[in-house]
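Some notes on the structure that comes next.
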Amino acid sequence: MARSSLFAVTVALLGACTETGSAPALPGARETCDDPPPATRRQDLVDTIHDTPVADPYRWLEVESDPEVKAWMAAQDDYARERLQALPRRDAIATRLGELLDIDAMSAPYHRGGNYFYTRRHKGVQKPIYYLRRGDQGREEVLIDPNKLSPDGSVAVHGIFPDFGGRLVVYKLSQNNADASTLYLRDLATGRDLGDIIEGARYASPAWTPDGSGFYYVWLPTDPGIPPSELPGRAEVRYHRVGEPASKDSIVAPATGDPSRFVGVGLSRDGRWLFLHHQHGWTSSDVYVRDLHAGEREFRPLVVGQRAIYDVTAWRDRFYVHTNEGAPRYRVFEVDPHRPARADWKLLVPEDEATLEGLQVVGERLVLSYLRDAHSAVVVRGLDGGFVRELPLPGLGSTGGLVGNPDEDRAYFSFSSFTEPSQIFETSIATGDTRLWQRIDLPVDTSRFVVEQIRYASEDGTPISMFVVRRRDLPLSADAPALLTGYGGFSVSMTPAFSARAVVWLEHGGVFAVPNLRGGGEYGEDWHRAGMREHKQNVFDDFAAAARALVERGYTRHERLAILGGSNGGLLVGATMTQHPELVRAVACAVPLLDMVRYTQFGAGKTWIPEYGDPEDPRDFAFIYPYSPYHHVTVGTKYPAMLMLAADSDDRVDPMHARKFTAQIQHASKRPAWLRIESNAGHGGADLLHQTIAREADTLAFLLHHVAP
């Protein structure tokens, strides 16, 4: 539809769209339209899989390169964007998001040699800029300005990796913010790039040698003929010597051939111990080690074949192992690398009631990051495990660990909460002295907001915790619009953090809720496993119970309730709207998995088999197919209004999921089902500020339009 038809679209939205059925219409909510979305061809295609007939009427939408699919995508995106632009609150929301997101901010600096590296976001600039400061009092120099890497802003920086001497820096570039990346090398003395260019760096996090002469990294083949789902099995660990062409890089560890296994590499600070990690999904890992000082040419197993996660930090000829082996909330062992047998490991930090998320060595101490009831705590211990102190945090919120070096006292950490924008603190590991180093001041009075942590029972009686944020000056009301968002998978923890999205929702009189669903990591590995594979339905039950709890406790009512989720969270909201269409009125579903019968054949799908199961295995199919949202859409059901958000360069979760499910919902339901496709964007969206603001404004305007009076 041409842009000149915007007035006609506005008339259609405000006049021709009416609520159907016996329930009274909500003011502002238009549930059906006389102007239907672009037509979509259906196929009479039914596969028999493990003796089960499985319909797939939109399989043709899987082939994005097909001209018919491209035309369909363009028509759907135009149809959605014209209607989104016409929503009454949309422009005001975009303006407010700009005030909250277009700001001056700075990251915590990290120290390499005599240099400090950090990013700074400038008001009015689309992307954060990477800076270098030579010494404490050195002047600020631009290291990399992503805003100048391409005329249209389509090139993204996916991280920088300075060597320990602060002389060289590897940086990682990506087209359209996709996962696929290329490494480049810059000499900081001259400010010029060297000739070192390494493609296939999707999973690369370079591990520098102490003298800066080279680094280890994970390499992937770039042959476009290799299906993306097979790439992880082709990953190799390679060594690159500075100044030599990538074609001469030596293979340190060959490919495993197993696409469900991730490969990683690490090197101890002294350059002696080289670690090879094989991660099997999100439930177990193997660790191998080589003593480079002793000239070992082969990796030997440190711990292999156990159904547990092992993260190893090496410092001063000791290994510190953070693991959930025999401890679902994790503990720490000390290992003498000269006596590495499992029986000789020494328990250093026992399991606690809190979940131990991670371990660092900073300032010659162990720094332990915990989650206590889904919010952060940071504990400092000696290298012998003895308690030193707990870092003072401003309240119930989240911190991502410390930014610091193992042999330096000064370190930094960030803190954020639902009511506190990000702050950066400087701390002394030796004394515990802590001061506010940098604060983001935003045009919002967060004292108006109140945060509650409530508990409710899921369908099987399991107690679930949930954060609920609302305005202090508004009494509880069933007429309040509520936004419920969650994830529930891959041991990802949903913790308190400041959100411009939440602020805008609260300023419109709404309630913002985040439950800690099974499948996440908030309460340890048992909590994670209770929401994966054959237990995945628990996650959807937990989320549905959260919706009911909000209604039962008077925060909102079902007609005022919206849900939002992305990626695995997109699967969550897709399953919720197909299993319980009566619970919510509007859905925003972003970059999701939705066809769980064919997910392993696209994107990085095979790497998620340990989390979801393999639909080609009849035992796994038996628990995957019953919840697969694409296959359980029923014609005539009054599904919630849906905004589907896809990205054109998503090389992690294939956008075929979004296309096929949108077509199914449009065929089955008369309520709006719009597909918005982000251009020059990967799985995490575009990294341009104006695109982020536009996407968020469209999403919030759509949801509020359907649930707010």
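Labels for the structure tokens follow display order: chains A, B, ..., residues from 1 in each chain, ligands from 1.
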
- Message: When you look at Trp315 (chain A) with a cut-off of 8 Å (counting only C-alpha atoms), what residues show up, excluding the ones that are within fewer than 3 positions of it in the same chain? I need them as a list in words.
- Response: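 After dropping sequence-adjacent residues, the list is Ser268, Arg269, Arg318, Phe319, Tyr320, Val361 and Pro406 of chain A.
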
- Task: Could you jot down the CA of Gln691 (chain A) to CA of Val653 (chain A) separation for me, Å, one decimal place?
- Result: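 Straight-line distance from CA of Gln691 (chain A) to CA of Val653 (chain A) works out to 19.9 Å.
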
- Query: Of the candidates A:Glu452, A:Ala646, A:Gly461, A:Arg365, which one gets nearest to Thr431 (chain A) if we count only C-alpha atoms?
  - Reply: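 Distance minimum relative to Thr431 (chain A) lands on A:Arg365.
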
Taking the chain letters and numbering used in this document, name the residues of region 268-359 of chain A that DSSP puts in strand (DSSP E), as a CSV table (one decimal) with N, CA and C atoms, in the first residue's frame.
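Result saved to out_18.csv:
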```csv
chain,number,residue,atom,x,y,z
A,273,TRP,N,48.7,-22.0,30.5
A,273,TRP,CA,47.7,-23.0,30.4
A,273,TRP,C,46.7,-22.6,29.3
A,274,LEU,N,46.6,-23.4,28.3
A,274,LEU,CA,45.6,-23.2,27.2
A,274,LEU,C,44.4,-24.2,27.5
A,275,PHE,N,43.2,-23.6,27.5
A,275,PHE,CA,42.0,-24.3,27.8
A,275,PHE,C,41.1,-24.5,26.6
A,276,LEU,N,40.6,-25.7,26.4
A,276,LEU,CA,39.6,-25.9,25.3
A,276,LEU,C,38.3,-26.3,26.0
A,277,HIS,N,37.2,-25.6,25.6
A,277,HIS,CA,35.9,-25.9,26.2
A,277,HIS,C,35.0,-26.5,25.1
A,278,HIS,N,34.3,-27.5,25.5
A,278,HIS,CA,33.2,-28.0,24.7
A,278,HIS,C,31.9,-27.9,25.5
A,279,GLN,N,31.0,-27.0,25.0
A,279,GLN,CA,29.8,-26.8,25.8
A,279,GLN,C,28.7,-27.6,25.1
A,280,HIS,N,28.0,-28.5,25.8
A,280,HIS,CA,26.9,-29.3,25.3
A,280,HIS,C,25.6,-28.6,25.7
A,284,SER,N,25.9,-28.9,30.2
A,284,SER,CA,27.1,-29.6,30.6
A,284,SER,C,28.2,-29.1,29.7
A,285,SER,N,29.5,-29.2,30.2
A,285,SER,CA,30.6,-28.8,29.4
A,285,SER,C,31.8,-29.7,29.8
A,286,ASP,N,32.7,-29.8,28.8
A,286,ASP,CA,34.0,-30.6,29.0
A,286,ASP,C,35.1,-29.5,28.9
A,287,VAL,N,36.1,-29.8,29.7
A,287,VAL,CA,37.3,-28.9,29.7
A,287,VAL,C,38.6,-29.7,29.5
A,288,TYR,N,39.4,-29.3,28.6
A,288,TYR,CA,40.7,-29.9,28.3
A,288,TYR,C,41.7,-28.8,28.5
A,289,VAL,N,43.0,-29.2,28.7
A,289,VAL,CA,44.0,-28.3,29.0
A,289,VAL,C,45.3,-28.7,28.4
A,290,ARG,N,46.2,-27.7,28.1
A,290,ARG,CA,47.5,-28.0,27.6
A,290,ARG,C,48.5,-27.1,28.4
A,291,ASP,N,49.6,-27.6,28.8
A,291,ASP,CA,50.7,-26.9,29.4
A,291,ASP,C,51.6,-26.4,28.4
A,300,ARG,N,44.8,-32.5,27.2
A,300,ARG,CA,44.4,-33.6,28.1
A,300,ARG,C,43.2,-33.2,28.9
A,301,PRO,N,42.3,-34.2,29.2
A,301,PRO,CA,41.1,-33.8,29.8
A,301,PRO,C,41.3,-33.4,31.3
A,302,LEU,N,40.6,-32.3,31.6
A,302,LEU,CA,40.5,-31.9,33.0
A,302,LEU,C,39.3,-32.4,33.6
A,303,VAL,N,38.1,-32.2,33.0
A,303,VAL,CA,36.9,-32.9,33.4
A,303,VAL,C,36.0,-33.1,32.1
A,310,TYR,N,31.3,-26.5,33.9
A,310,TYR,CA,32.5,-26.2,34.5
A,310,TYR,C,33.1,-24.9,33.8
A,311,ASP,N,33.4,-23.9,34.6
A,311,ASP,CA,34.1,-22.7,34.2
A,311,ASP,C,35.4,-22.6,34.9
A,312,VAL,N,36.5,-22.5,34.2
A,312,VAL,CA,37.8,-22.5,34.9
A,312,VAL,C,38.5,-21.1,34.7
A,313,THR,N,39.0,-20.6,35.9
A,313,THR,CA,39.8,-19.4,35.9
A,313,THR,C,41.2,-19.8,36.4
A,314,ALA,N,42.2,-19.5,35.7
A,314,ALA,CA,43.6,-19.8,36.1
A,314,ALA,C,44.3,-18.6,36.6
A,315,TRP,N,44.9,-18.7,37.8
A,315,TRP,CA,45.7,-17.6,38.4
A,315,TRP,C,46.7,-18.1,39.3
A,318,ARG,N,47.1,-21.9,39.9
A,318,ARG,CA,46.0,-22.6,40.4
A,318,ARG,C,44.8,-22.4,39.5
A,319,PHE,N,44.0,-23.4,39.4
A,319,PHE,CA,42.7,-23.3,38.7
A,319,PHE,C,41.6,-23.2,39.7
A,320,TYR,N,40.7,-22.2,39.4
A,320,TYR,CA,39.5,-22.0,40.2
A,320,TYR,C,38.3,-22.4,39.4
A,321,VAL,N,37.6,-23.5,39.8
A,321,VAL,CA,36.6,-24.1,39.0
A,321,VAL,C,35.2,-23.7,39.6
A,322,HIS,N,34.4,-23.0,38.8
A,322,HIS,CA,33.0,-22.7,39.2
A,322,HIS,C,32.1,-23.7,38.5
A,323,THR,N,31.4,-24.5,39.3
A,323,THR,CA,30.6,-25.6,38.7
A,323,THR,C,29.4,-25.9,39.5
A,331,ARG,N,29.2,-24.0,43.2
A,331,ARG,CA,30.2,-23.9,44.2
A,331,ARG,C,31.6,-23.7,43.5
A,332,VAL,N,32.7,-23.6,44.3
A,332,VAL,CA,34.0,-23.3,43.7
A,332,VAL,C,35.0,-24.3,44.3
A,333,PHE,N,35.8,-24.9,43.4
A,333,PHE,CA,36.9,-25.8,43.8
A,333,PHE,C,38.2,-25.1,43.4
A,334,GLU,N,39.3,-25.4,44.2
A,334,GLU,CA,40.6,-25.1,43.8
A,334,GLU,C,41.3,-26.3,43.3
A,335,VAL,N,42.0,-26.2,42.2
A,335,VAL,CA,42.7,-27.3,41.6
A,335,VAL,C,44.2,-27.0,41.4
A,346,LYS,N,40.0,-29.4,45.7
A,346,LYS,CA,39.7,-28.9,47.0
A,346,LYS,C,38.5,-28.0,47.0
A,347,LEU,N,37.5,-28.3,47.8
A,347,LEU,CA,36.3,-27.4,47.8
A,347,LEU,C,36.7,-26.1,48.5
A,348,LEU,N,36.5,-25.0,47.8
A,348,LEU,CA,36.9,-23.7,48.3
A,348,LEU,C,35.7,-22.9,48.8
A,349,VAL,N,34.7,-22.9,48.0
A,349,VAL,CA,33.4,-22.1,48.4
A,349,VAL,C,32.3,-23.1,48.2
A,355,THR,N,22.2,-18.3,44.3
A,355,THR,CA,22.8,-18.9,43.1
A,355,THR,C,24.1,-18.2,42.7
A,356,LEU,N,25.2,-18.9,42.7
A,356,LEU,CA,26.5,-18.4,42.3
A,356,LEU,C,26.6,-18.3,40.8
A,357,GLU,N,26.4,-17.1,40.3
A,357,GLU,CA,26.4,-16.9,38.8
A,357,GLU,C,27.8,-17.0,38.2
A,358,GLY,N,28.8,-16.4,38.9
A,358,GLY,CA,30.1,-16.3,38.2
A,358,GLY,C,31.2,-16.0,39.2
A,359,LEU,N,32.4,-16.3,38.7
A,359,LEU,CA,33.6,-16.1,39.5
A,359,LEU,C,34.7,-15.3,38.7
```

- Query: Near Ala708 (chain A), counting only C-alpha atoms, which residues have an atom at most 12 Å away, once you skip same-chain residues fewer than 4 positions from it, shown as a ChimeraX atom specification?
  - Reply: /A:25-30,88-89,478-483,505-506,508-511,556-562,585-586,700-704

Requested write-out: N, CA, C and O atoms of the selected residues, as a short mmCIF file (atom, residue, chain, number, x, y, z; two decimals), in the first residue's frame:
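Produced file again35.cif, reproduced below:
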```cif
data_model
loop_
_atom_site.label_atom_id
_atom_site.label_comp_id
_atom_site.auth_asym_id
_atom_site.auth_seq_id
_atom_site.Cartn_x
_atom_site.Cartn_y
_atom_site.Cartn_z
N ALA A 25 -16.80 -3.29 23.77
CA ALA A 25 -15.51 -2.88 23.22
C ALA A 25 -14.76 -2.03 24.23
O ALA A 25 -15.34 -1.28 25.00
N LEU A 26 -13.44 -2.19 24.25
CA LEU A 26 -12.61 -1.33 25.08
C LEU A 26 -12.40 -0.02 24.36
O LEU A 26 -12.13 0.00 23.15
N PRO A 27 -12.50 1.10 25.06
CA PRO A 27 -12.18 2.37 24.40
C PRO A 27 -10.76 2.33 23.85
O PRO A 27 -9.83 1.94 24.55
N GLY A 28 -10.61 2.71 22.62
CA GLY A 28 -9.29 2.72 22.00
C GLY A 28 -8.85 1.41 21.41
O GLY A 28 -7.86 1.34 20.72
N ALA A 29 -9.56 0.31 21.68
CA ALA A 29 -9.14 -1.00 21.17
C ALA A 29 -9.94 -1.36 19.94
O ALA A 29 -11.15 -1.51 20.01
N ARG A 30 -9.29 -1.49 18.80
CA ARG A 30 -9.95 -1.88 17.55
C ARG A 30 -9.49 -3.27 17.21
O ARG A 30 -8.33 -3.50 16.95
N PRO A 88 -2.65 6.40 17.50
CA PRO A 88 -2.75 7.73 18.12
C PRO A 88 -1.59 8.08 19.06
O PRO A 88 -1.15 9.22 19.10
N ARG A 89 -1.07 7.14 19.82
CA ARG A 89 -0.03 7.45 20.80
C ARG A 89 1.38 7.33 20.24
O ARG A 89 2.35 7.67 20.92
N ALA A 478 -8.35 -2.82 38.34
CA ALA A 478 -8.49 -3.81 37.27
C ALA A 478 -8.51 -3.15 35.90
O ALA A 478 -8.41 -3.84 34.88
N ASP A 479 -8.64 -1.83 35.87
CA ASP A 479 -8.63 -1.13 34.58
C ASP A 479 -7.23 -0.72 34.14
O ASP A 479 -7.06 -0.17 33.05
N ALA A 480 -6.21 -1.01 34.95
CA ALA A 480 -4.85 -0.62 34.58
C ALA A 480 -4.32 -1.54 33.48
O ALA A 480 -4.45 -2.76 33.56
N PRO A 481 -3.73 -0.97 32.43
CA PRO A 481 -3.08 -1.83 31.43
C PRO A 481 -1.83 -2.46 32.01
O PRO A 481 -1.05 -1.80 32.69
N ALA A 482 -1.65 -3.73 31.78
CA ALA A 482 -0.49 -4.44 32.32
C ALA A 482 0.32 -5.05 31.19
O ALA A 482 -0.25 -5.58 30.22
N LEU A 483 1.64 -4.99 31.32
CA LEU A 483 2.56 -5.60 30.35
C LEU A 483 3.36 -6.66 31.08
O LEU A 483 4.11 -6.37 32.02
N TRP A 505 5.60 2.65 29.80
CA TRP A 505 4.38 1.92 30.15
C TRP A 505 3.81 2.42 31.48
O TRP A 505 2.60 2.65 31.61
N LEU A 506 4.67 2.63 32.47
CA LEU A 506 4.21 3.11 33.77
C LEU A 506 3.64 4.52 33.66
O LEU A 506 2.66 4.85 34.35
N HIS A 508 2.00 5.68 31.35
CA HIS A 508 0.65 5.58 30.79
C HIS A 508 -0.30 4.88 31.76
O HIS A 508 -1.35 4.37 31.34
N GLY A 509 0.07 4.86 33.02
CA GLY A 509 -0.80 4.30 34.04
C GLY A 509 -0.77 2.80 34.13
O GLY A 509 -1.67 2.19 34.73
N GLY A 510 0.27 2.18 33.56
CA GLY A 510 0.30 0.74 33.47
C GLY A 510 1.05 0.06 34.59
O GLY A 510 1.68 0.70 35.45
N VAL A 511 1.01 -1.26 34.56
CA VAL A 511 1.72 -2.15 35.47
C VAL A 511 2.69 -2.97 34.63
O VAL A 511 2.32 -3.47 33.55
N THR A 556 -4.86 -5.83 37.23
CA THR A 556 -5.38 -5.61 35.88
C THR A 556 -6.52 -6.58 35.65
O THR A 556 -6.97 -7.27 36.58
N ARG A 557 -7.01 -6.67 34.44
CA ARG A 557 -7.93 -7.72 34.02
C ARG A 557 -7.48 -8.23 32.65
O ARG A 557 -6.65 -7.60 31.98
N HIS A 558 -8.01 -9.37 32.26
CA HIS A 558 -7.50 -10.01 31.05
C HIS A 558 -7.63 -9.11 29.83
O HIS A 558 -6.78 -9.13 28.94
N GLU A 559 -8.70 -8.31 29.77
CA GLU A 559 -8.89 -7.43 28.61
C GLU A 559 -7.88 -6.29 28.58
O GLU A 559 -7.74 -5.61 27.57
N ARG A 560 -7.17 -6.08 29.69
CA ARG A 560 -6.18 -5.01 29.77
C ARG A 560 -4.74 -5.55 29.77
O ARG A 560 -3.80 -4.81 30.00
N LEU A 561 -4.59 -6.84 29.53
CA LEU A 561 -3.28 -7.47 29.69
C LEU A 561 -2.61 -7.72 28.35
O LEU A 561 -3.20 -8.31 27.44
N ALA A 562 -1.35 -7.28 28.24
CA ALA A 562 -0.52 -7.52 27.06
C ALA A 562 0.70 -8.33 27.47
O ALA A 562 1.16 -8.25 28.61
N ARG A 585 -5.02 -9.75 25.78
CA ARG A 585 -5.66 -9.06 24.67
C ARG A 585 -4.69 -8.68 23.56
O ARG A 585 -5.11 -8.50 22.41
N ALA A 586 -3.39 -8.56 23.88
CA ALA A 586 -2.44 -8.14 22.84
C ALA A 586 -1.09 -8.80 23.10
O ALA A 586 -0.71 -9.05 24.24
N LEU A 700 5.11 -0.43 21.71
CA LEU A 700 4.33 0.07 22.84
C LEU A 700 3.02 0.71 22.37
O LEU A 700 1.98 0.55 23.02
N ALA A 701 3.08 1.41 21.26
CA ALA A 701 1.84 2.02 20.74
C ALA A 701 0.83 0.95 20.37
O ALA A 701 -0.37 1.09 20.63
N PHE A 702 1.30 -0.13 19.75
CA PHE A 702 0.41 -1.22 19.37
C PHE A 702 -0.23 -1.85 20.61
O PHE A 702 -1.45 -2.04 20.67
N LEU A 703 0.59 -2.18 21.60
CA LEU A 703 0.06 -2.85 22.78
C LEU A 703 -0.90 -1.94 23.56
O LEU A 703 -1.99 -2.37 23.96
N LEU A 704 -0.52 -0.69 23.75
CA LEU A 704 -1.39 0.23 24.48
C LEU A 704 -2.69 0.47 23.73
O LEU A 704 -3.75 0.63 24.34
#
```

- Shell of 9 Å around region 663-665 of chain A, only C-alpha atoms, local chain residues under 2 positions omitted, as a PyMOL selection string: chain A and resi 39-42+57-58+630-631+633-635+639+642+658-661+667-673

Taking only C-alpha atoms into account, produce a table as a tab-separated table in which each residue of region 86-151 of chain A with an atom at most 10 Å from an atom of region 172-190 of chain A appears once, together with its shortest atom pair and the distance in Å to one decimal, ordered by chain and rising number.
```
residue	atom	partner	partner_atom	distance
A:Asn115	CA	A:Leu188	CA	9.8
A:Leu132	CA	A:Leu188	CA	9.1
A:Leu143	CA	A:Leu188	CA	8.4
A:Ile144	CA	A:Arg186	CA	9.9
A:Pro146	CA	A:Leu173	CA	9.2
A:Leu149	CA	A:Leu173	CA	9.4
A:Ser150	CA	A:Gln175	CA	9.7
```
